[in-house]
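S.K.: Pasting upload_30.pdb below, which is PDB, C-alpha atoms, pLDDT in the B column.
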```pdb
ATOM      1  CA  MET A 569     124.015  90.629 109.081  1.00 43.00           C
ATOM      2  CA  THR A 570     121.049  88.529 107.963  1.00 46.00           C
ATOM      3  CA  ASP A 571     117.481  89.413 108.884  1.00 49.00           C
ATOM      4  CA  HIS A 572     116.235  85.887 109.522  1.00 47.00           C
ATOM      5  CA  PRO A 573     116.697  83.411 112.348  1.00 45.00           C
ATOM      6  CA  SER A 574     118.949  80.419 112.151  1.00 48.00           C
ATOM      7  CA  PRO A 575     117.337  77.430 110.369  1.00 47.00           C
ATOM      8  CA  ARG A 576     117.696  75.439 113.609  1.00 46.00           C
ATOM      9  CA  ARG A 577     115.257  77.801 115.316  1.00 63.00           C
ATOM     10  CA  THR A 578     112.335  77.127 112.960  1.00 68.00           C
ATOM     11  CA  ALA A 579     109.673  74.607 113.915  1.00 72.00           C
ATOM     12  CA  ARG A 580     110.109  72.549 110.761  1.00 75.00           C
ATOM     13  CA  ASN A 581     113.876  72.263 111.085  1.00 73.00           C
ATOM     14  CA  SER A 582     113.361  71.360 114.728  1.00 73.00           C
ATOM     15  CA  GLY A 583     111.122  68.478 113.680  1.00 79.00           C
ATOM     16  CA  TYR A 584     107.668  69.946 114.388  1.00 81.00           C
ATOM     17  CA  LEU A 585     104.654  71.263 112.514  1.00 83.00           C
ATOM     18  CA  LEU A 586     101.317  72.819 113.466  1.00 80.00           C
ATOM     19  CA  CYS A 587      97.915  71.651 112.311  1.00 83.00           C
ATOM     20  CA  ILE A 588      96.632  74.453 110.088  1.00 76.00           C
ATOM     21  CA  ASP A 589      93.086  74.103 111.462  1.00 80.00           C
ATOM     22  CA  CYS A 590      93.445  73.580 115.232  1.00 85.00           C
ATOM     23  CA  GLU A 591      97.155  74.502 115.672  1.00 77.00           C
ATOM     24  CA  LYS A 592      98.044  71.356 117.584  1.00 83.00           C
ATOM     25  CA  LEU A 593     101.772  70.598 117.555  1.00 83.00           C
ATOM     26  CA  HIS A 594     102.844  67.412 115.731  1.00 84.00           C
ATOM     27  CA  ARG A 595     106.070  65.729 114.716  1.00 86.00           C
ATOM     28  CA  ILE A 596     107.295  66.534 111.212  1.00 82.00           C
ATOM     29  CA  SER A 597     107.241  62.787 110.497  1.00 82.00           C
ATOM     30  CA  GLN A 598     103.416  62.983 110.643  1.00 84.00           C
ATOM     31  CA  GLU A 599     103.214  65.299 107.637  1.00 83.00           C
ATOM     32  CA  GLY A 600     100.640  64.031 105.157  1.00 84.00           C
ATOM     33  CA  GLN A 601      98.744  62.197 107.897  1.00 87.00           C
ATOM     34  CA  HIS A 602      95.622  63.430 109.698  1.00 86.00           C
ATOM     35  CA  CYS A 603      95.521  65.470 112.898  1.00 88.00           C
ATOM     36  CA  ASP A 604      94.441  63.313 115.828  1.00 85.00           C
ATOM     37  CA  ARG A 605      92.452  66.246 117.239  1.00 86.00           C
ATOM     38  CA  CYS A 606      90.470  67.706 114.314  1.00 90.00           C
ATOM     39  CA  GLY A 607      91.170  65.225 111.504  1.00 86.00           C
ATOM     40  CA  ALA A 608      92.660  67.786 109.088  1.00 84.00           C
ATOM     41  CA  ARG A 609      95.527  66.743 106.838  1.00 86.00           C
ATOM     42  CA  LEU A 610      98.859  67.832 108.247  1.00 83.00           C
ATOM     43  CA  HIS A 611     101.188  70.078 106.266  1.00 80.00           C
ATOM     44  CA  SER A 612     104.143  72.113 107.445  1.00 80.00           C
ATOM     45  CA  ARG A 613     103.283  74.626 104.715  1.00 84.00           C
ATOM     46  CA  ILE A 614      99.953  75.321 103.012  1.00 82.00           C
ATOM     47  CA  PRO A 615      99.881  73.095  99.895  1.00 86.00           C
ATOM     48  CA  ASN A 616     100.026  74.957  96.571  1.00 91.00           C
ATOM     49  CA  SER A 617     100.060  78.271  98.431  1.00 92.00           C
ATOM     50  CA  MET A 618     102.049  80.105  95.759  1.00 94.00           C
ATOM     51  CA  ASN A 619     100.020  78.717  92.862  1.00 95.00           C
ATOM     52  CA  LEU A 620      96.683  79.662  94.427  1.00 95.00           C
ATOM     53  CA  SER A 621      97.915  83.095  95.475  1.00 95.00           C
ATOM     54  CA  TRP A 622      99.405  83.885  92.061  1.00 96.00           C
ATOM     55  CA  ALA A 623      96.297  82.676  90.207  1.00 96.00           C
ATOM     56  CA  SER A 624      93.960  84.789  92.343  1.00 95.00           C
ATOM     57  CA  LEU A 625      96.167  87.865  92.093  1.00 96.00           C
ATOM     58  CA  LEU A 626      96.584  87.666  88.304  1.00 96.00           C
ATOM     59  CA  ALA A 627      92.835  87.189  87.839  1.00 96.00           C
ATOM     60  CA  GLY A 628      92.224  90.210  90.060  1.00 93.00           C
ATOM     61  CA  ILE A 629      94.684  92.306  88.026  1.00 95.00           C
ATOM     62  CA  LEU A 630      92.928  91.347  84.777  1.00 95.00           C
ATOM     63  CA  LEU A 631      89.539  92.397  86.186  1.00 93.00           C
ATOM     64  CA  PHE A 632      90.834  95.615  87.736  1.00 91.00           C
ATOM     65  CA  LEU A 633      90.762  97.438  84.390  1.00 90.00           C
ATOM     66  CA  PRO A 634      87.086  96.716  83.543  1.00 91.00           C
ATOM     67  CA  ALA A 635      86.186  97.383  87.177  1.00 88.00           C
ATOM     68  CA  ASN A 636      87.391 100.964  86.715  1.00 87.00           C
ATOM     69  CA  LEU A 637      86.311 101.510  83.096  1.00 89.00           C
ATOM     70  CA  LEU A 638      82.812 100.022  83.248  1.00 89.00           C
ATOM     71  CA  PRO A 639      80.008 102.018  84.912  1.00 87.00           C
ATOM     72  CA  ILE A 640      79.654 101.142  88.576  1.00 80.00           C
ATOM     73  CA  MET A 641      76.347 102.893  89.295  1.00 74.00           C
ATOM     74  CA  THR A 642      73.481 104.729  87.573  1.00 72.00           C
ATOM     75  CA  PHE A 643      71.654 107.502  89.428  1.00 66.00           C
ATOM     76  CA  LYS A 644      68.454 108.796  87.838  1.00 63.00           C
ATOM     77  CA  SER A 645      66.585 111.853  89.096  1.00 61.00           C
ATOM     78  CA  PHE A 646      63.199 112.593  87.516  1.00 61.00           C
ATOM     79  CA  GLY A 647      64.041 110.093  84.793  1.00 61.00           C
ATOM     80  CA  GLN A 648      67.324 111.772  83.905  1.00 63.00           C
ATOM     81  CA  GLY A 649      70.743 110.296  84.569  1.00 66.00           C
ATOM     82  CA  GLU A 650      73.563 108.290  83.094  1.00 73.00           C
ATOM     83  CA  PRO A 651      75.942 105.529  84.239  1.00 77.00           C
ATOM     84  CA  SER A 652      79.048 106.611  86.111  1.00 78.00           C
ATOM     85  CA  THR A 653      82.423 104.940  86.557  1.00 84.00           C
ATOM     86  CA  ILE A 654      84.357 105.053  89.829  1.00 80.00           C
ATOM     87  CA  LEU A 655      86.544 107.904  88.590  1.00 84.00           C
ATOM     88  CA  GLY A 656      83.530 109.702  87.125  1.00 82.00           C
ATOM     89  CA  GLY A 657      81.758 109.458  90.468  1.00 75.00           C
ATOM     90  CA  ILE A 658      84.791 110.882  92.270  1.00 77.00           C
ATOM     91  CA  LEU A 659      84.971 113.822  89.855  1.00 81.00           C
ATOM     92  CA  HIS A 660      81.249 114.429  90.315  1.00 73.00           C
ATOM     93  CA  LEU A 661      81.697 114.531  94.094  1.00 68.00           C
ATOM     94  CA  LEU A 662      84.537 117.026  93.726  1.00 79.00           C
ATOM     95  CA  GLU A 663      82.384 119.192  91.458  1.00 77.00           C
ATOM     96  CA  GLN A 664      79.716 119.190  94.163  1.00 71.00           C
ATOM     97  CA  ASP A 665      82.284 120.429  96.723  1.00 78.00           C
ATOM     98  CA  MET A 666      82.235 117.078  98.547  1.00 73.00           C
ATOM     99  CA  LEU A 667      86.014 116.936  98.843  1.00 81.00           C
ATOM    100  CA  MET A 668      86.229 114.654 101.886  1.00 80.00           C
ATOM    101  CA  ILE A 669      83.754 112.113 100.515  1.00 71.00           C
ATOM    102  CA  GLY A 670      85.536 112.171  97.161  1.00 74.00           C
ATOM    103  CA  LEU A 671      88.890 111.528  98.846  1.00 82.00           C
ATOM    104  CA  VAL A 672      87.447 108.626 100.860  1.00 76.00           C
ATOM    105  CA  VAL A 673      86.054 107.022  97.702  1.00 76.00           C
ATOM    106  CA  LEU A 674      89.340 107.665  95.831  1.00 82.00           C
ATOM    107  CA  ILE A 675      91.415 106.034  98.575  1.00 81.00           C
ATOM    108  CA  ALA A 676      89.068 103.076  99.130  1.00 78.00           C
ATOM    109  CA  SER A 677      88.306 102.401  95.453  1.00 81.00           C
ATOM    110  CA  ILE A 678      91.553 103.121  93.605  1.00 85.00           C
ATOM    111  CA  VAL A 679      94.511 103.793  95.901  1.00 86.00           C
ATOM    112  CA  VAL A 680      93.964 100.903  98.333  1.00 85.00           C
ATOM    113  CA  PRO A 681      93.319  98.204  95.658  1.00 87.00           C
ATOM    114  CA  VAL A 682      96.356  99.346  93.633  1.00 90.00           C
ATOM    115  CA  LEU A 683      98.645  99.356  96.671  1.00 89.00           C
ATOM    116  CA  LYS A 684      97.291  95.958  97.731  1.00 90.00           C
ATOM    117  CA  ILE A 685      97.996  94.474  94.293  1.00 93.00           C
ATOM    118  CA  ILE A 686     101.511  95.961  94.280  1.00 94.00           C
ATOM    119  CA  ALA A 687     102.233  94.678  97.805  1.00 93.00           C
ATOM    120  CA  LEU A 688     101.024  91.143  97.012  1.00 94.00           C
ATOM    121  CA  THR A 689     103.058  91.130  93.806  1.00 95.00           C
ATOM    122  CA  ILE A 690     106.182  92.145  95.741  1.00 93.00           C
ATOM    123  CA  LEU A 691     105.596  89.442  98.377  1.00 93.00           C
ATOM    124  CA  LEU A 692     104.991  86.726  95.807  1.00 94.00           C
ATOM    125  CA  CYS A 693     108.008  87.756  93.712  1.00 93.00           C
ATOM    126  CA  THR A 694     110.153  87.801  96.856  1.00 90.00           C
ATOM    127  CA  VAL A 695     109.315  84.158  97.548  1.00 90.00           C
ATOM    128  CA  GLN A 696     109.115  83.003  93.914  1.00 91.00           C
ATOM    129  CA  PHE A 697     112.540  84.340  92.959  1.00 89.00           C
ATOM    130  CA  ARG A 698     114.118  83.969  96.417  1.00 84.00           C
ATOM    131  CA  LEU A 699     115.009  87.648  96.638  1.00 83.00           C
ATOM    132  CA  GLN A 700     117.155  88.495  99.641  1.00 75.00           C
ATOM    133  CA  THR A 701     115.314  91.418 101.212  1.00 79.00           C
ATOM    134  CA  ASN A 702     114.250  92.595 104.666  1.00 83.00           C
ATOM    135  CA  LEU A 703     112.101  89.670 105.809  1.00 79.00           C
ATOM    136  CA  ARG A 704     110.607  91.450 108.814  1.00 83.00           C
ATOM    137  CA  GLN A 705     109.572  94.289 106.537  1.00 87.00           C
ATOM    138  CA  LYS A 706     107.856  91.843 104.185  1.00 86.00           C
ATOM    139  CA  THR A 707     105.996  90.244 107.090  1.00 85.00           C
ATOM    140  CA  MET A 708     104.773  93.662 108.239  1.00 89.00           C
ATOM    141  CA  MET A 709     103.748  94.430 104.658  1.00 90.00           C
ATOM    142  CA  PHE A 710     101.583  91.311 104.597  1.00 89.00           C
ATOM    143  CA  ARG A 711      99.932  92.254 107.899  1.00 87.00           C
ATOM    144  CA  VAL A 712      99.067  95.690 106.506  1.00 87.00           C
ATOM    145  CA  VAL A 713      97.641  94.119 103.332  1.00 86.00           C
ATOM    146  CA  GLU A 714      95.549  91.754 105.421  1.00 82.00           C
ATOM    147  CA  TRP A 715      94.291  94.598 107.626  1.00 82.00           C
ATOM    148  CA  ILE A 716      93.287  96.995 104.836  1.00 77.00           C
ATOM    149  CA  GLY A 717      91.484  94.214 102.981  1.00 69.00           C
ATOM    150  CA  ARG A 718      88.405  94.720 105.140  1.00 65.00           C
ATOM    151  CA  TRP A 719      88.022  98.296 103.848  1.00 65.00           C
ATOM    152  CA  SER A 720      88.228  97.388 100.170  1.00 64.00           C
ATOM    153  CA  MET A 721      84.482  96.825  99.759  1.00 62.00           C
ATOM    154  CA  LEU A 722      83.467 100.351 100.794  1.00 61.00           C
ATOM    155  CA  ASP A 723      82.094 101.252  97.354  1.00 59.00           C
ATOM    156  CA  ILE A 724      80.040  98.072  97.135  1.00 59.00           C
ATOM    157  CA  PHE A 725      78.565  98.622 100.587  1.00 61.00           C
ATOM    158  CA  VAL A 726      77.643 102.206  99.705  1.00 62.00           C
ATOM    159  CA  ILE A 727      76.001 101.132  96.442  1.00 58.00           C
ATOM    160  CA  GLY A 728      74.078  98.384  98.201  1.00 58.00           C
ATOM    161  CA  ILE A 729      72.790 100.800 100.846  1.00 55.00           C
ATOM    162  CA  LEU A 730      71.840 103.426  98.248  1.00 54.00           C
ATOM    163  CA  VAL A 731      70.033 100.890  96.053  1.00 54.00           C
ATOM    164  CA  ALA A 732      68.050  99.722  99.080  1.00 54.00           C
ATOM    165  CA  LEU A 733      67.186 103.221 100.342  1.00 50.00           C
ATOM    166  CA  VAL A 734      66.894 105.439  97.276  1.00 51.00           C
ATOM    167  CA  GLN A 735      64.015 103.943  95.334  1.00 53.00           C
ATOM    168  CA  LEU A 736      61.491 106.767  94.932  1.00 49.00           C
ATOM    169  CA  GLY A 737      59.889 105.839  91.636  1.00 52.00           C
ATOM    170  CA  ASN A 738      60.409 108.502  88.981  1.00 53.00           C
ATOM    171  CA  ILE A 739      61.833 110.988  91.499  1.00 52.00           C
ATOM    172  CA  ALA A 740      65.075 109.147  92.253  1.00 56.00           C
ATOM    173  CA  HIS A 741      66.368 105.737  91.333  1.00 58.00           C
ATOM    174  CA  ILE A 742      69.793 104.075  91.803  1.00 62.00           C
ATOM    175  CA  GLU A 743      70.976 100.803  90.326  1.00 67.00           C
ATOM    176  CA  GLY A 744      74.299  99.009  90.356  1.00 67.00           C
ATOM    177  CA  ASN A 745      76.051  98.274  87.070  1.00 77.00           C
ATOM    178  CA  SER A 746      78.550  95.726  85.788  1.00 84.00           C
ATOM    179  CA  GLY A 747      81.505  97.748  87.080  1.00 82.00           C
ATOM    180  CA  ALA A 748      80.343  97.116  90.648  1.00 81.00           C
ATOM    181  CA  THR A 749      80.313  93.362  90.008  1.00 85.00           C
ATOM    182  CA  ALA A 750      83.801  93.443  88.502  1.00 88.00           C
ATOM    183  CA  PHE A 751      85.095  95.555  91.390  1.00 85.00           C
ATOM    184  CA  ALA A 752      83.607  93.190  93.993  1.00 83.00           C
ATOM    185  CA  ILE A 753      85.239  90.223  92.247  1.00 89.00           C
ATOM    186  CA  VAL A 754      88.611  92.040  92.220  1.00 89.00           C
ATOM    187  CA  VAL A 755      88.353  92.644  95.967  1.00 86.00           C
ATOM    188  CA  LEU A 756      87.410  89.023  96.653  1.00 87.00           C
ATOM    189  CA  LEU A 757      90.237  87.710  94.460  1.00 92.00           C
ATOM    190  CA  THR A 758      92.869  89.864  96.180  1.00 91.00           C
ATOM    191  CA  MET A 759      91.503  88.826  99.573  1.00 88.00           C
ATOM    192  CA  PHE A 760      91.728  85.152  98.583  1.00 91.00           C
ATOM    193  CA  SER A 761      95.252  85.739  97.265  1.00 93.00           C
ATOM    194  CA  ALA A 762      96.269  87.072 100.680  1.00 91.00           C
ATOM    195  CA  ILE A 763      94.514  84.212 102.503  1.00 89.00           C
ATOM    196  CA  ALA A 764      96.171  81.557 100.306  1.00 92.00           C
ATOM    197  CA  PHE A 765      99.634  83.061 100.776  1.00 93.00           C
ATOM    198  CA  ASP A 766     101.615  81.245 103.477  1.00 88.00           C
ATOM    199  CA  THR A 767     103.695  83.881 105.287  1.00 85.00           C
ATOM    200  CA  ARG A 768     106.108  81.204 106.530  1.00 82.00           C
ATOM    201  CA  LEU A 769     107.403  80.990 102.961  1.00 86.00           C
ATOM    202  CA  ILE A 770     108.843  84.481 103.432  1.00 84.00           C
ATOM    203  CA  TRP A 771     111.118  83.185 106.185  1.00 81.00           C
ATOM    204  CA  ASP A 772     111.903  79.988 104.286  1.00 79.00           C
ATOM    205  CA  ASN A 773     113.163  82.320 101.587  1.00 68.00           C
ATOM    206  CA  GLY A 774     115.900  83.508 103.941  1.00 60.00           C
ATOM    207  CA  MET A 775     117.328  80.019 104.406  1.00 61.00           C
ATOM    208  CA  PRO A 776     119.991  78.370 102.260  1.00 54.00           C
ATOM    209  CA  GLU A 777     118.405  76.135  99.620  1.00 51.00           C
ATOM    210  CA  ALA A 778     120.210  73.134 101.049  1.00 41.00           C
ATOM    211  CA  ASP A 779     118.265  73.565 104.318  1.00 48.00           C
ATOM    212  CA  LEU A 780     114.857  73.591 102.611  1.00 51.00           C
ATOM    213  CA  PRO A 781     112.868  70.342 102.360  1.00 49.00           C
ATOM    214  CA  PRO A 782     111.540  69.366  98.915  1.00 47.00           C
ATOM    215  CA  GLU A 783     107.939  70.212  99.874  1.00 45.00           C
ATOM    216  CA  ASN A 784     108.771  73.906 100.128  1.00 43.00           C
ATOM    217  CA  THR A 785     108.786  74.071  96.334  1.00 41.00           C
ATOM    218  CA  ASP A 786     104.987  74.167  96.726  1.00 42.00           C
ATOM    219  CA  GLN A 787     104.473  71.408  94.220  1.00 39.00           C
ATOM    220  CA  LYS A 788     103.789  68.558  96.630  1.00 40.00           C
ATOM    221  CA  ASP A 789     100.823  66.381  95.781  1.00 41.00           C
ATOM    222  CA  GLU A 790      98.176  66.284  98.514  1.00 40.00           C
ATOM    223  CA  ARG A 791      97.423  62.641  97.964  1.00 37.00           C
TER     224      ARG A 791
END
```
What is this structure when it is put down as structure tokens?
M.R.:
Amino acid sequence: MTDHPSPRRTARNSGYLLCIDCEKLHRISQEGQHCDRCGARLHSRIPNSMNLSWASLLAGILLFLPANLLPIMTFKSFGQGEPSTILGGILHLLEQDMLMIGLVVLIASIVVPVLKIIALTILLCTVQFRLQTNLRQKTMMFRVVEWIGRWSMLDIFVIGILVALVQLGNIAHIEGNSGATAFAIVVLLTMFSAIAFDTRLIWDNGMPEADLPPENTDQKDER
């Protein structure tokens, strides 16, 4: 048994499309024209969705290494202190018997970003190579990725709060380092990759190639 609906049950194969901005229903023949409600250009699928999603994800993967190797924060107490990476900060928390805080930082800073990158890679490869997998499972995977994205900036928020609050001259001083910038960019890139990804392509993947219109190749010019 297949895990996807019949092609005749999809909006596009039934001759309809939704405006991406205001979600007004239009005829498929109006694709490329402008929505008569909000004026947005009409597309049955987000143009260049795969290209934008892949580009953002690959850039995020390239920056993930420096984000974890470069120092993310420097804490100085009475003039003494040295830069610390994400992993170094976690180990320091564990040494100070702050197990729960260390686990939260570990999950939010390393585990979640890695799982998000892996999940997006699986979703993109599923569509790119037309892999026949459980489509409902892939849709649920995307929803989870989208939901956990809001928690990916925990480290940056903590650093920002500490920098604003802990400025006591020579007694205590905290400053963010280049690792924090790289990490923030990685989070933003993976978030943009998820936003650019059109989930309807997952279900298009379950259709025979003969039933797919040419524009689903994601190479259609927007002109």
S.K.: Any chance you could resolve the PyMOL selection byres ((chain A and resi 584) around 10) against this file and give the residues as a PyMOL selection string?
M.R.: chain A and resi 578-583+585-586+593-599+612
S.K.: Could you tell me, as a compact mmCIF listing (two decimals) with C-alpha atoms, keeping the file's coordinate frame, which residues have any atom at most 12 Å from (101.5, 79.1, 94.7), counting only C-alpha atoms?
M.R.:
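Below you can see part.txt, which holds the result:
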```txt
# COMPACT_ATOMS: atom_id res chain seq x y z
CA ARG A 613 103.28 74.63 104.72
CA ILE A 614 99.95 75.32 103.01
CA PRO A 615 99.88 73.10 99.90
CA ASN A 616 100.03 74.96 96.57
CA SER A 617 100.06 78.27 98.43
CA MET A 618 102.05 80.10 95.76
CA ASN A 619 100.02 78.72 92.86
CA LEU A 620 96.68 79.66 94.43
CA SER A 621 97.92 83.10 95.48
CA TRP A 622 99.40 83.88 92.06
CA ALA A 623 96.30 82.68 90.21
CA SER A 624 93.96 84.79 92.34
CA LEU A 625 96.17 87.86 92.09
CA LEU A 626 96.58 87.67 88.30
CA LEU A 691 105.60 89.44 98.38
CA LEU A 692 104.99 86.73 95.81
CA CYS A 693 108.01 87.76 93.71
CA VAL A 695 109.32 84.16 97.55
CA GLN A 696 109.12 83.00 93.91
CA SER A 761 95.25 85.74 97.26
CA ALA A 762 96.27 87.07 100.68
CA ILE A 763 94.51 84.21 102.50
CA ALA A 764 96.17 81.56 100.31
CA PHE A 765 99.63 83.06 100.78
CA ASP A 766 101.62 81.24 103.48
CA THR A 767 103.70 83.88 105.29
CA LEU A 769 107.40 80.99 102.96
CA ASN A 784 108.77 73.91 100.13
CA THR A 785 108.79 74.07 96.33
CA ASP A 786 104.99 74.17 96.73
CA GLN A 787 104.47 71.41 94.22
CA LYS A 788 103.79 68.56 96.63
```
S.K.: Between atom CA of A:Val680 and atom CA of A:Pro651, what is the distance, to one decimal in Å?
M.R.: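 Result for atom CA of A:Val680 versus atom CA of A:Pro651: 23.3 Å, one decimal.
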S.K.: For atom CA of A:Leu671 and atom CA of A:Ile658, quote the distance in Å rounded to one decimal.
M.R.: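 Atom-to-atom, atom CA of A:Leu671 to atom CA of A:Ile658, that is 7.8 Å.
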S.K.: Just give me the gap between atom CA of A:Met759 and atom CA of A:Leu633 in Å, one decimal is fine.
M.R.: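 Pair atom CA of A:Met759 / atom CA of A:Leu633 returns 17.5 Å.
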S.K.: Anything within 8 Å of (80.5, 96.7, 90.7): list those residues as a short mmCIF file (atom, residue, chain, number, x, y, z; two decimals) with C-alpha atoms, in the coordinates of the input, counting all atoms listed in the file and sticking to the file's coordinates.
M.R.:
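Dumped to point_30.cif:
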```cif
data_model
loop_
_atom_site.label_atom_id
_atom_site.label_comp_id
_atom_site.auth_asym_id
_atom_site.auth_seq_id
_atom_site.Cartn_x
_atom_site.Cartn_y
_atom_site.Cartn_z
CA ALA A 635 86.19 97.38 87.18
CA PRO A 639 80.01 102.02 84.91
CA ILE A 640 79.65 101.14 88.58
CA MET A 641 76.35 102.89 89.30
CA ILE A 724 80.04 98.07 97.14
CA GLY A 744 74.30 99.01 90.36
CA ASN A 745 76.05 98.27 87.07
CA SER A 746 78.55 95.73 85.79
CA GLY A 747 81.50 97.75 87.08
CA ALA A 748 80.34 97.12 90.65
CA THR A 749 80.31 93.36 90.01
CA ALA A 750 83.80 93.44 88.50
CA PHE A 751 85.10 95.56 91.39
CA ALA A 752 83.61 93.19 93.99
#
```
S.K.: Using only C-alpha atoms, which protein or nucleic acid residues come within 9 Å of A:Phe710? Drop anything in the same chain fewer than 3 positions from it, and give the result as a PyMOL selection string.
M.R.: chain A and resi 687-688+691+705-707+713-715+762+767
S.K.: Save the residues we just selected, C-alpha atoms, as a PDB file, in the coordinates of the input?
M.R.:
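In the end it all went to result.pdb:
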```pdb
ATOM      1  CA  ALA A 687     102.233  94.678  97.805  1.00 93.00           C
ATOM      2  CA  LEU A 688     101.024  91.143  97.012  1.00 94.00           C
ATOM      3  CA  LEU A 691     105.596  89.442  98.377  1.00 93.00           C
ATOM      4  CA  GLN A 705     109.572  94.289 106.537  1.00 87.00           C
ATOM      5  CA  LYS A 706     107.856  91.843 104.185  1.00 86.00           C
ATOM      6  CA  THR A 707     105.996  90.244 107.090  1.00 85.00           C
ATOM      7  CA  VAL A 713      97.641  94.119 103.332  1.00 86.00           C
ATOM      8  CA  GLU A 714      95.549  91.754 105.421  1.00 82.00           C
ATOM      9  CA  TRP A 715      94.291  94.598 107.626  1.00 82.00           C
ATOM     10  CA  ALA A 762      96.269  87.072 100.680  1.00 91.00           C
ATOM     11  CA  THR A 767     103.695  83.881 105.287  1.00 85.00           C
TER      12      THR A 767
END
```
S.K.: Name the residues that the PyMOL selection byres ((chain A and resi 589) around 8) pulls out of this structure, and write them as a list in words.
M.R.: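 Selection result, ordered by chain and number: Cys587, Ile588, Cys590, Glu591, Cys606 and Ala608 of chain A.
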S.K.: Apply the PyMOL selection byres ((chain A and resi 610) around 6) to the structure shown and report the selected residues as a list in words.
M.R.: Cys587, Glu599, Gly600, Gln601, His602, Arg609 and His611 of chain A
